[in-house]
>>> print(open('work13.txt').read())   # compact mmCIF, C-alpha atoms and all ligand atoms
# COMPACT_ATOMS: atom_id res chain seq x y z
CA VAL A 1 11.10 28.44 31.01
CA THR A 2 9.26 25.59 32.64
CA PRO A 3 5.76 26.13 34.05
CA THR A 4 4.93 26.24 37.75
CA VAL A 5 3.19 22.96 38.56
CA GLY A 6 0.28 23.06 40.99
CA ILE A 7 -0.37 19.78 42.75
CA VAL A 8 -3.77 19.12 44.29
CA GLY A 9 -2.98 17.16 47.44
CA GLY A 10 -0.15 16.87 49.93
CA GLY A 11 0.09 13.15 50.72
CA GLN A 12 2.95 10.76 50.12
CA LEU A 13 2.62 10.93 46.34
CA ALA A 14 3.10 14.70 46.42
CA ARG A 15 5.97 14.22 48.85
CA MET A 16 7.70 11.83 46.41
CA LEU A 17 7.08 14.18 43.47
CA LEU A 18 9.04 16.93 45.23
CA PRO A 19 12.60 15.51 44.92
CA ALA A 20 12.06 14.98 41.19
CA ALA A 21 10.81 18.57 40.87
CA ALA A 22 13.81 19.83 42.82
CA ARG A 23 16.28 18.06 40.53
CA LEU A 24 14.72 19.57 37.42
CA ASP A 25 14.24 22.92 39.16
CA LEU A 26 10.50 22.86 38.50
CA ALA A 27 8.57 25.23 40.73
CA VAL A 28 5.79 23.42 42.62
CA THR A 29 2.82 24.77 44.56
CA LEU A 30 0.70 22.44 46.68
CA LEU A 31 -2.95 22.71 47.62
CA ALA A 32 -2.81 20.84 50.92
CA ASP A 33 -3.73 20.74 54.56
CA PRO A 34 -0.89 22.18 56.67
CA SER A 35 -0.55 18.80 58.43
CA ASP A 36 -0.09 16.85 55.16
CA SER A 37 3.07 14.85 54.68
CA ALA A 38 4.49 16.83 51.72
CA VAL A 39 4.00 20.27 53.24
CA PRO A 40 7.24 20.54 55.28
CA PHE A 41 9.25 20.06 52.08
CA CYS A 42 7.50 22.54 49.81
CA ARG A 43 8.12 26.27 49.98
CA ASP A 44 4.88 27.25 48.30
CA VAL A 45 1.69 25.83 49.81
CA VAL A 46 -1.88 27.01 49.40
CA PRO A 47 -3.48 25.77 52.62
CA GLY A 48 -6.92 24.37 52.03
CA ILE A 49 -9.06 21.57 50.68
CA PRO A 50 -9.78 20.84 47.00
CA ASP A 51 -13.15 22.60 46.93
CA ALA A 52 -13.99 25.38 44.46
CA GLN A 53 -12.26 28.04 46.53
CA GLY A 54 -9.09 25.99 47.11
CA LEU A 55 -8.78 24.96 43.46
CA ARG A 56 -9.24 28.54 42.28
CA ARG A 57 -6.56 29.78 44.65
CA LEU A 58 -4.17 27.10 43.44
CA ALA A 59 -4.92 27.99 39.81
CA GLU A 60 -3.89 31.61 40.48
CA ARG A 61 -0.46 30.38 41.55
CA CYS A 62 0.42 27.92 38.78
CA GLU A 63 0.37 27.40 35.03
CA VAL A 64 -0.23 23.64 35.04
CA MET A 65 -2.34 21.75 37.54
CA THR A 66 -2.15 18.05 38.38
CA VAL A 67 -3.62 15.85 41.12
CA GLU A 68 -2.18 13.32 43.54
CA HIS A 69 -5.55 11.94 44.63
CA GLU A 70 -8.97 11.53 43.06
CA LEU A 71 -11.29 13.37 45.44
CA VAL A 72 -11.37 16.53 43.36
CA ASP A 73 -14.32 18.52 42.06
CA LEU A 74 -14.09 17.83 38.34
CA GLU A 75 -16.59 20.54 37.38
CA VAL A 76 -14.43 23.18 39.00
CA LEU A 77 -11.36 21.75 37.27
CA ALA A 78 -13.19 22.00 33.95
CA GLU A 79 -14.02 25.66 34.66
CA LEU A 80 -10.40 26.42 35.47
CA GLN A 81 -9.27 24.69 32.31
CA ALA A 82 -11.74 26.76 30.27
CA ALA A 83 -10.33 29.87 31.98
CA GLY A 84 -6.78 29.06 30.84
CA THR A 85 -5.10 26.84 33.46
CA GLU A 86 -3.70 23.65 31.93
CA VAL A 87 -5.22 20.73 33.83
CA ARG A 88 -3.22 17.53 33.29
CA PRO A 89 -4.68 14.96 33.20
CA SER A 90 -7.75 16.66 31.78
CA PRO A 91 -11.00 16.68 33.76
CA ALA A 92 -12.42 14.33 31.12
CA ALA A 93 -9.61 11.80 31.63
CA LEU A 94 -9.95 12.15 35.40
CA GLY A 95 -13.69 11.53 35.05
CA VAL A 96 -12.91 8.09 33.66
CA ALA A 97 -10.12 7.32 36.09
CA VAL A 98 -12.26 8.03 39.17
CA ASP A 99 -15.10 5.73 38.12
CA LYS A 100 -14.64 1.96 37.86
CA VAL A 101 -17.86 1.56 35.86
CA ARG A 102 -16.83 4.13 33.25
CA GLN A 103 -13.42 2.48 32.99
CA HIS A 104 -15.05 -0.84 32.18
CA GLU A 105 -17.44 0.71 29.64
CA LEU A 106 -14.87 2.83 27.82
CA LEU A 107 -11.97 0.39 27.82
CA GLY A 108 -14.19 -2.60 27.11
CA ASP A 109 -15.41 -0.78 23.99
CA ALA A 110 -11.77 -0.11 23.04
CA GLY A 111 -11.04 -3.85 23.09
CA VAL A 112 -9.38 -4.07 26.50
CA PRO A 113 -10.20 -7.46 28.03
CA THR A 114 -12.39 -7.32 31.14
CA ALA A 115 -13.88 -10.03 33.31
CA PRO A 116 -17.69 -10.30 33.09
CA TRP A 117 -19.17 -7.31 34.90
CA ALA A 118 -22.45 -5.53 35.51
CA VAL A 119 -23.83 -2.56 37.37
CA ALA A 120 -26.40 -3.41 40.03
CA THR A 121 -28.60 -1.38 42.33
CA THR A 122 -30.96 -4.18 43.44
CA SER A 123 -30.70 -7.71 44.85
CA GLY A 124 -32.50 -8.96 41.76
CA GLU A 125 -29.76 -7.64 39.48
CA ILE A 126 -27.07 -9.22 41.64
CA ASP A 127 -28.94 -12.55 41.66
CA ALA A 128 -29.23 -12.47 37.89
CA PHE A 129 -25.46 -11.96 37.61
CA ALA A 130 -24.86 -14.84 40.06
CA ILE A 131 -27.09 -17.14 38.00
CA ASP A 132 -24.86 -16.53 34.98
CA HIS A 133 -21.49 -16.49 36.74
CA GLY A 134 -21.96 -18.24 40.11
CA TRP A 135 -21.12 -17.14 43.62
CA SER A 136 -18.85 -15.74 45.06
CA LEU A 137 -19.02 -12.20 43.72
CA VAL A 138 -17.03 -9.04 44.28
CA LEU A 139 -19.10 -5.87 44.75
CA LYS A 140 -17.38 -2.51 44.41
CA ARG A 141 -18.19 1.10 45.02
CA PRO A 142 -17.54 2.69 41.63
CA ARG A 143 -15.85 5.73 43.20
CA GLY A 144 -13.77 6.79 46.14
CA GLY A 145 -12.34 3.43 47.23
CA TYR A 146 -8.69 2.72 47.95
CA ASP A 147 -6.69 0.00 49.74
CA GLY A 148 -9.68 -2.32 49.34
CA ARG A 149 -12.14 -0.03 51.14
CA GLY A 150 -15.19 -0.14 48.93
CA VAL A 151 -14.48 -3.72 47.75
CA PHE A 152 -16.71 -6.45 49.22
CA VAL A 153 -16.46 -10.19 48.57
CA VAL A 154 -19.86 -11.83 49.07
CA SER A 155 -20.70 -15.52 48.91
CA ASP A 156 -24.51 -15.45 48.92
CA ARG A 157 -27.53 -13.19 48.42
CA GLU A 158 -27.83 -12.27 52.11
CA GLN A 159 -24.29 -10.92 52.17
CA ALA A 160 -24.90 -9.11 48.88
CA ALA A 161 -28.06 -7.53 50.26
CA ALA A 162 -26.16 -6.30 53.31
CA VAL A 163 -23.62 -4.56 51.06
CA LEU A 164 -26.41 -3.00 48.98
CA THR A 165 -27.96 -1.60 52.14
CA GLU A 166 -24.65 -0.26 53.40
CA VAL A 167 -23.51 1.32 50.14
CA ALA A 168 -26.86 2.66 48.93
CA GLY A 169 -25.93 3.30 45.30
CA PRO A 170 -24.98 1.44 42.15
CA LEU A 171 -22.30 -1.23 42.51
CA LEU A 172 -19.87 -2.72 40.03
CA VAL A 173 -20.36 -6.50 40.15
CA GLU A 174 -17.65 -8.99 39.13
CA PRO A 175 -17.13 -12.70 39.73
CA ALA A 176 -14.57 -13.47 42.45
CA LEU A 177 -11.83 -14.26 39.97
CA PRO A 178 -9.21 -17.02 40.29
CA ILE A 179 -6.39 -14.49 40.13
CA GLU A 180 -2.94 -15.91 39.33
CA CYS A 181 -1.20 -12.62 40.02
CA GLU A 182 -1.84 -8.88 39.86
CA LEU A 183 0.11 -6.43 37.73
CA ALA A 184 0.51 -2.67 37.65
CA VAL A 185 1.61 -1.12 34.36
CA LEU A 186 2.42 2.59 34.28
CA VAL A 187 2.20 4.73 31.20
CA ALA A 188 3.55 8.29 31.12
CA ARG A 189 2.01 10.38 28.35
CA ARG A 190 2.63 13.94 27.18
CA PRO A 191 -0.07 16.32 25.94
CA GLY A 192 0.92 15.66 22.32
CA GLY A 193 0.53 11.91 22.72
CA GLU A 194 4.16 10.82 23.10
CA LEU A 195 4.21 8.05 25.68
CA VAL A 196 6.45 5.56 27.45
CA VAL A 197 5.27 2.28 28.98
CA TYR A 198 7.02 0.78 32.03
CA ASP A 199 7.63 -2.93 32.46
CA PRO A 200 4.76 -4.57 34.34
CA ALA A 201 5.29 -4.82 38.09
CA GLU A 202 3.72 -7.59 40.16
CA THR A 203 1.71 -6.21 43.07
CA VAL A 204 1.01 -8.53 45.97
CA GLN A 205 -2.04 -7.61 48.06
CA ALA A 206 -3.39 -8.71 51.42
CA ASP A 207 -6.95 -7.80 52.40
CA GLY A 208 -7.26 -5.56 49.34
CA MET A 209 -4.16 -3.54 50.22
CA CYS A 210 -0.90 -3.62 48.27
CA ARG A 211 1.88 -5.07 50.45
CA GLU A 212 4.73 -5.85 48.04
CA VAL A 213 5.80 -4.96 44.51
CA LEU A 214 8.24 -6.84 42.27
CA LEU A 215 9.75 -5.04 39.27
CA PRO A 216 9.84 -6.45 36.68
CA ALA A 217 6.98 -8.87 37.36
CA PRO A 218 8.31 -12.45 37.18
CA ILE A 219 6.10 -13.38 34.20
CA ASP A 220 6.97 -14.56 30.72
CA ALA A 221 7.74 -12.14 27.91
CA ALA A 222 4.50 -12.79 26.00
CA LEU A 223 2.33 -11.98 29.02
CA ALA A 224 4.42 -8.87 29.77
CA ALA A 225 3.94 -7.70 26.18
CA GLU A 226 0.19 -8.31 26.45
CA ALA A 227 0.06 -6.25 29.66
CA ARG A 228 2.03 -3.39 28.13
CA ASP A 229 -0.25 -3.37 25.05
CA VAL A 230 -3.36 -3.16 27.22
CA ALA A 231 -1.85 -0.32 29.26
CA ARG A 232 -0.88 1.62 26.12
CA THR A 233 -4.40 1.18 24.72
CA ALA A 234 -5.85 2.37 28.04
CA ALA A 235 -3.71 5.54 28.04
CA MET A 236 -4.58 6.36 24.44
CA THR A 237 -8.27 5.66 24.97
CA VAL A 238 -8.52 7.71 28.16
CA GLY A 239 -6.31 10.44 26.69
CA SER A 240 -4.38 10.65 29.94
CA VAL A 241 -1.54 13.10 30.49
CA GLY A 242 0.98 12.34 33.20
CA VAL A 243 1.20 8.86 34.67
CA LEU A 244 -1.74 6.52 34.16
CA SER A 245 -1.54 3.43 36.37
CA VAL A 246 -3.25 0.38 34.94
CA GLU A 247 -4.04 -2.41 37.42
CA LEU A 248 -4.51 -5.79 35.78
CA PHE A 249 -5.40 -9.29 36.94
CA VAL A 250 -3.83 -12.36 35.38
CA VAL A 251 -6.55 -14.99 34.95
CA ASP A 252 -6.06 -18.19 32.90
CA GLY A 253 -2.70 -16.89 31.70
CA HIS A 254 -4.08 -13.63 30.27
CA VAL A 255 -4.60 -10.11 31.56
CA VAL A 256 -7.97 -8.55 32.35
CA LEU A 257 -8.61 -4.99 33.48
CA ASN A 258 -8.94 -4.29 37.18
CA GLU A 259 -8.87 -0.51 37.49
CA LEU A 260 -7.07 2.71 36.56
CA ALA A 261 -5.56 5.58 38.49
CA ALA A 262 -4.57 8.79 36.71
CA ARG A 263 -1.58 9.53 38.93
CA PRO A 264 1.57 7.87 40.25
CA HIS A 265 0.81 4.60 42.02
CA ASN A 266 2.06 2.36 44.81
CA GLY A 267 2.95 -0.21 42.14
CA GLY A 268 5.36 2.34 40.66
CA HIS A 269 7.33 3.14 43.81
CA PRO A 270 10.12 0.69 42.89
CA THR A 271 10.85 2.86 39.85
CA ILE A 272 12.44 5.49 42.13
CA GLU A 273 15.56 3.37 42.63
CA GLY A 274 14.93 0.57 40.11
CA ALA A 275 14.21 2.33 36.82
CA VAL A 276 16.21 4.76 34.74
CA THR A 277 13.46 7.37 35.25
CA SER A 278 11.05 7.19 38.18
CA GLN A 279 7.27 7.40 37.80
CA PHE A 280 7.40 10.66 39.75
CA GLU A 281 9.90 12.31 37.44
CA ASN A 282 8.03 11.11 34.36
CA HIS A 283 4.73 12.34 35.77
CA LEU A 284 6.21 15.82 36.17
CA ARG A 285 7.95 15.72 32.81
CA ALA A 286 4.66 14.76 31.17
CA VAL A 287 2.52 17.39 32.88
CA ALA A 288 5.15 20.07 32.19
CA ASP A 289 5.31 18.84 28.57
CA LEU A 290 9.02 17.99 28.73
CA PRO A 291 10.68 15.04 26.97
CA LEU A 292 9.93 11.77 28.80
CA GLY A 293 12.64 9.69 30.45
CA ASN A 294 13.57 6.11 29.76
CA PRO A 295 11.34 3.77 31.82
CA ALA A 296 13.69 0.75 31.60
CA VAL A 297 14.34 -1.32 34.72
CA ARG A 298 17.98 -1.10 35.83
CA ALA A 299 17.99 -4.33 37.88
CA PRO A 300 15.40 -6.55 39.56
CA THR A 301 13.81 -4.47 42.32
CA ALA A 302 11.55 -5.34 45.24
CA MET A 303 9.45 -3.01 47.37
CA VAL A 304 7.71 -3.81 50.65
CA ASN A 305 5.15 -1.43 52.15
CA VAL A 306 5.49 -0.33 55.74
CA VAL A 307 2.00 -0.68 57.19
CA GLY A 308 1.19 0.33 60.78
CA GLU A 309 1.41 -2.62 63.19
CA ALA A 310 2.31 -2.67 66.87
CA ARG A 311 4.27 0.58 66.94
CA ASP A 312 5.28 3.68 65.04
CA PRO A 313 7.99 2.83 62.45
CA ARG A 314 9.79 6.07 63.29
CA GLU A 315 10.82 4.50 66.60
CA ARG A 316 12.58 1.73 64.69
CA LEU A 317 14.36 3.74 62.05
CA ALA A 318 17.84 3.45 63.54
CA VAL A 319 17.53 -0.34 63.77
CA ALA A 320 16.21 -0.70 60.23
CA LEU A 321 19.01 1.47 58.86
CA GLU A 322 21.45 -1.24 59.95
CA ILE A 323 20.27 -3.26 56.93
CA ASP A 324 22.67 -2.54 54.11
CA ASP A 325 21.61 -1.45 50.65
CA VAL A 326 17.93 -0.69 51.08
CA ALA A 327 16.08 2.59 50.48
CA ILE A 328 13.77 3.41 53.38
CA HIS A 329 10.94 5.82 52.65
CA LEU A 330 8.86 7.11 55.58
CA TYR A 331 5.94 9.32 54.65
CA GLY A 332 5.72 11.41 57.82
CA LYS A 333 2.11 10.35 58.40
CA ALA A 334 0.55 9.91 61.81
CA TYR A 335 0.93 6.32 63.00
CA ARG A 336 -2.17 4.18 62.89
CA ARG A 337 -2.62 0.42 62.67
CA GLY A 338 -3.32 -0.71 59.11
CA ARG A 339 -2.23 2.61 57.55
CA LYS A 340 0.45 2.80 54.85
CA LEU A 341 3.26 4.75 56.52
CA GLY A 342 6.16 4.13 54.17
CA HIS A 343 7.92 1.59 52.01
CA VAL A 344 11.32 -0.02 51.58
CA THR A 345 12.94 -0.74 48.23
CA ALA A 346 15.93 -2.93 47.45
CA VAL A 347 17.60 -3.25 44.05
CA GLY A 348 19.26 -6.48 42.85
CA PRO A 349 21.09 -8.63 42.36
CA ASP A 350 17.93 -10.70 41.79
CA LEU A 351 14.28 -10.45 42.89
CA SER A 352 14.58 -12.94 45.71
CA GLN A 353 17.57 -11.28 47.36
CA ALA A 354 16.06 -7.82 46.87
CA ARG A 355 12.77 -9.09 48.37
CA ASP A 356 14.63 -10.51 51.32
CA ARG A 357 16.51 -7.28 52.14
CA ALA A 358 13.49 -5.02 51.70
CA GLY A 359 11.34 -7.42 53.72
CA ARG A 360 13.81 -7.49 56.62
CA ALA A 361 14.02 -3.71 56.82
CA ALA A 362 10.24 -3.34 56.56
CA ALA A 363 9.72 -5.96 59.28
CA LEU A 364 12.11 -4.08 61.58
CA LEU A 365 10.16 -0.88 60.98
CA MET A 366 6.77 -2.51 61.52
CA ARG A 367 7.51 -5.00 64.30
CA GLY A 368 10.97 -4.26 65.63
CA SER A 369 12.18 -7.73 64.63
CA ALA A 370 13.35 -8.97 61.25
CA GLY A 371 10.87 -11.93 61.14
N1 LIG A 401 -13.14 -9.55 40.88
C1 LIG A 401 -12.20 -9.78 41.80
N2 LIG A 401 -11.87 -11.06 42.12
C2 LIG A 401 -10.94 -11.32 43.08
N3 LIG A 401 -10.27 -10.35 43.76
C3 LIG A 401 -10.55 -9.07 43.49
C4 LIG A 401 -11.53 -8.71 42.50
N4 LIG A 401 -11.60 -7.36 42.44
C5 LIG A 401 -10.72 -6.90 43.36
N5 LIG A 401 -10.07 -7.91 43.99
C6 LIG A 401 -9.02 -7.77 45.02
O1 LIG A 401 -9.24 -6.57 45.76
C7 LIG A 401 -8.16 -5.66 45.54
C8 LIG A 401 -8.70 -4.22 45.55
O2 LIG A 401 -9.60 -4.05 44.46
P1 LIG A 401 -9.55 -2.74 43.57
O3 LIG A 401 -10.68 -2.80 42.61
O4 LIG A 401 -8.19 -2.58 42.99
O5 LIG A 401 -9.89 -1.62 44.66
P2 LIG A 401 -9.04 -0.39 45.25
O6 LIG A 401 -9.65 0.80 44.56
O7 LIG A 401 -9.34 -0.43 46.72
O8 LIG A 401 -7.60 -0.61 44.90
C9 LIG A 401 -7.54 -6.07 44.23
O9 LIG A 401 -6.21 -5.61 44.12
C10 LIG A 401 -7.67 -7.58 44.34
O10 LIG A 401 -6.65 -8.11 45.18
MG MG A 402 -6.72 -1.20 43.21
>>> encode(input="work13.txt", output="structure tokens")
Amino acid sequence: VTPTVGIVGGGQLARMLLPAAARLDLAVTLLADPSDSAVPFCRDVVPGIPDAQGLRRLAERCEVMTVEHELVDLEVLAELQAAGTEVRPSPAALGVAVDKVRQHELLGDAGVPTAPWAVATTSGEIDAFAIDHGWSLVLKRPRGGYDGRGVFVVSDREQAAAVLTEVAGPLLVEPALPIECELAVLVARRPGGELVVYDPAETVQADGMCREVLLPAPIDAALAAEARDVARTAAMTVGSVGVLSVELFVVDGHVVLNELAARPHNGGHPTIEGAVTSQFENHLRAVADLPLGNPAVRAPTAMVNVVGEARDPRERLAVALEIDDVAIHLYGKAYRRGRKLGHVTAVGPDLSQARDRAGRAAALLMRGSAG
């Protein structure tokens, strides 16, 4: 008998885990706010937030716990694990995945290539880094950022000082890198260590937010192999269980670490239609300790995010559905400008035609016209 899986969080990642759970007849309980996007589709919901009380109530209702976001009290998770709930990924692995500084320390020591980096709490430390590496620099909040919130590009010491004042805490400092492209490589890993590595996907960002994903990334085989090796090393080093998403930069023809997420990832959404086994199904298989599915890409696949623009994409659904052979995903989230509200995926026959179809449907949803 398979375990009941408790998911901390009820956002779009939880919502996309549910169809995979339904197919395998895995029982799922969510810890979520009643207004969250996954809640209408899950029979068993513990209403609440992921504080000590919420996590304990979820633990009473499940055998295995996993997370769909990173704002979770890791000490409470560790207590629950000690008391007998399986927490996958483990609180220790989550502790690395939620902290960009710890990722750089741990993976750097394991031989994963990183760009030059430092931790700074004062202007003097940032200046010293700039003397070695030049301006501009990228300053990052080690924790809690997403979609580029918490990432600041600064071109001189005045701008850096302003960020220090605003953030008030240690910052990860990196050079502003001449990035050729960005990759996301997903690894699904079971508790015993069995793992599968997906083909690298190219993620295209604007203003720090992912806008498009191409699977497989249009890169040569040697670079793809390098990216997969780094991702495998990261998963083994972190000891992740479930999906670990490894974000990489390509600089001078080689990969360097950007950051990790110990959960399914925007860069993995094309695997729903484009891979033999989706990231969501493999995440559940891994946390339930079931055999992992084949991660192979079926055909070149493109995904375009639906980000809030002039109007609510729900108003445009009927028009967008006129585009043939695309998969429209709307997350059921309240419309707001600049917010990720859904995505569109198209599979084959090649990346450029898939990109074109997905892009047209996404444009209709966002703007009402296909431009
Ligand atoms: N050192 C850097 N040089 C150039 N661009 C960067 C650098 N670090 C981050 N970026 C850009 O900002 C985006 C968001 O940064 P990331 O660290 O992934 O933060 P988040 O947690 O918000 O995803 C990256 O995907 C990349 O496009
Ligand atoms: Mg990122």
>>> residues_near_point(input="work13.txt", point="(-27.0, -16.7, 47.5)", cutoff="12 Å", atoms="only C-alpha atoms", output="list in words")
Ser123, Gly124, Ile126, Asp127, Ala128, Phe129, Ala130, Ile131, Gly134, Trp135, Ser136, Leu137, Val154, Ser155, Asp156, Arg157, Glu158, Gln159, Ala160, Ala161 and Ala162 of chain A
>>> residues_near_point(input="work13.txt", point="(-2.4, 3.9, 25.5)", cutoff="10 Å", atoms="only C-alpha atoms", output="PyMOL selection string")
chain A and resi 187-189+193-197+228-240+244
>>> closest_residue(input="work13.txt", among="A:Glu70, A:Asp33, A:Asp350, A:Asp147", to="ligand MG 402 (chain A)", atoms="only C-alpha atoms and all ligand atoms")
A:Asp147
>>> residues_near_ligand(input="work13.txt", ligand="ligand LIG 401 (chain A)", cutoff="10 Å", atoms="all atoms listed in the file", output="ChimeraX atom specification")
/A:98-100,115-117,136-153,172-184,203-210,246-249,251,257-261
>>> residues_around(input="work13.txt", residues="Leu215 of chain A", least_positions_apart="6", cutoff="7 Å", atoms="all atoms listed in the file", output="PyMOL selection string")
chain A and resi 201-202+270+300-302
>>> closest_residue(input="work13.txt", among="A:Pro291, A:Pro264, A:Gly359, A:Gly84", to="Val213 of chain A", atoms="all atoms listed in the file")
A:Gly359
>>> closest_residue(input="work13.txt", among="A:Gly253, A:Pro313, A:Gly348, A:Gly267", to="ligand MG 402 (chain A)", atoms="all atoms listed in the file")
A:Gly267
>>> closest_residue(input="work13.txt", among="A:Ala97, A:Val8, A:Leu290, A:Val64", to="ligand MG 402 (chain A)", atoms="all atoms listed in the file")
A:Ala97
>>> atom_distance(input="work13.txt", atom1="atom CA of Gly192 of chain A", atom2="atom CA of Ala59 of chain A")
22.2 Å
>>> residues_around(input="work13.txt", residues="Asp289 of chain A", least_positions_apart="5", cutoff="9 Å", atoms="all atoms listed in the file", output="ChimeraX atom specification")
/A:2,190-192,284
>>> residues_around(input="work13.txt", residues="segment 324-335 of chain A", least_positions_apart="3", cutoff="10 Å", atoms="only C-alpha atoms", output="ChimeraX atom specification")
/A:11-13,15-16,35-38,40,269-270,272-273,302-314,317,320-321,338-348,354,357-362,365
>>> atom_distance(input="work13.txt", atom1="atom CA of Gly54 of chain A", atom2="atom CA of Glu281 of chain A")
25.3 Å
>>> closest_residue(input="work13.txt", among="A:Val1, A:Ala217, A:Val185, A:Val287", to="Ser245 of chain A", atoms="all atoms listed in the file")
A:Val185
>>> closest_residue(input="work13.txt", among="A:Asn266, A:Pro200, A:Val163, A:Ala286", to="ligand MG 402 (chain A)", atoms="all atoms listed in the file")
A:Asn266
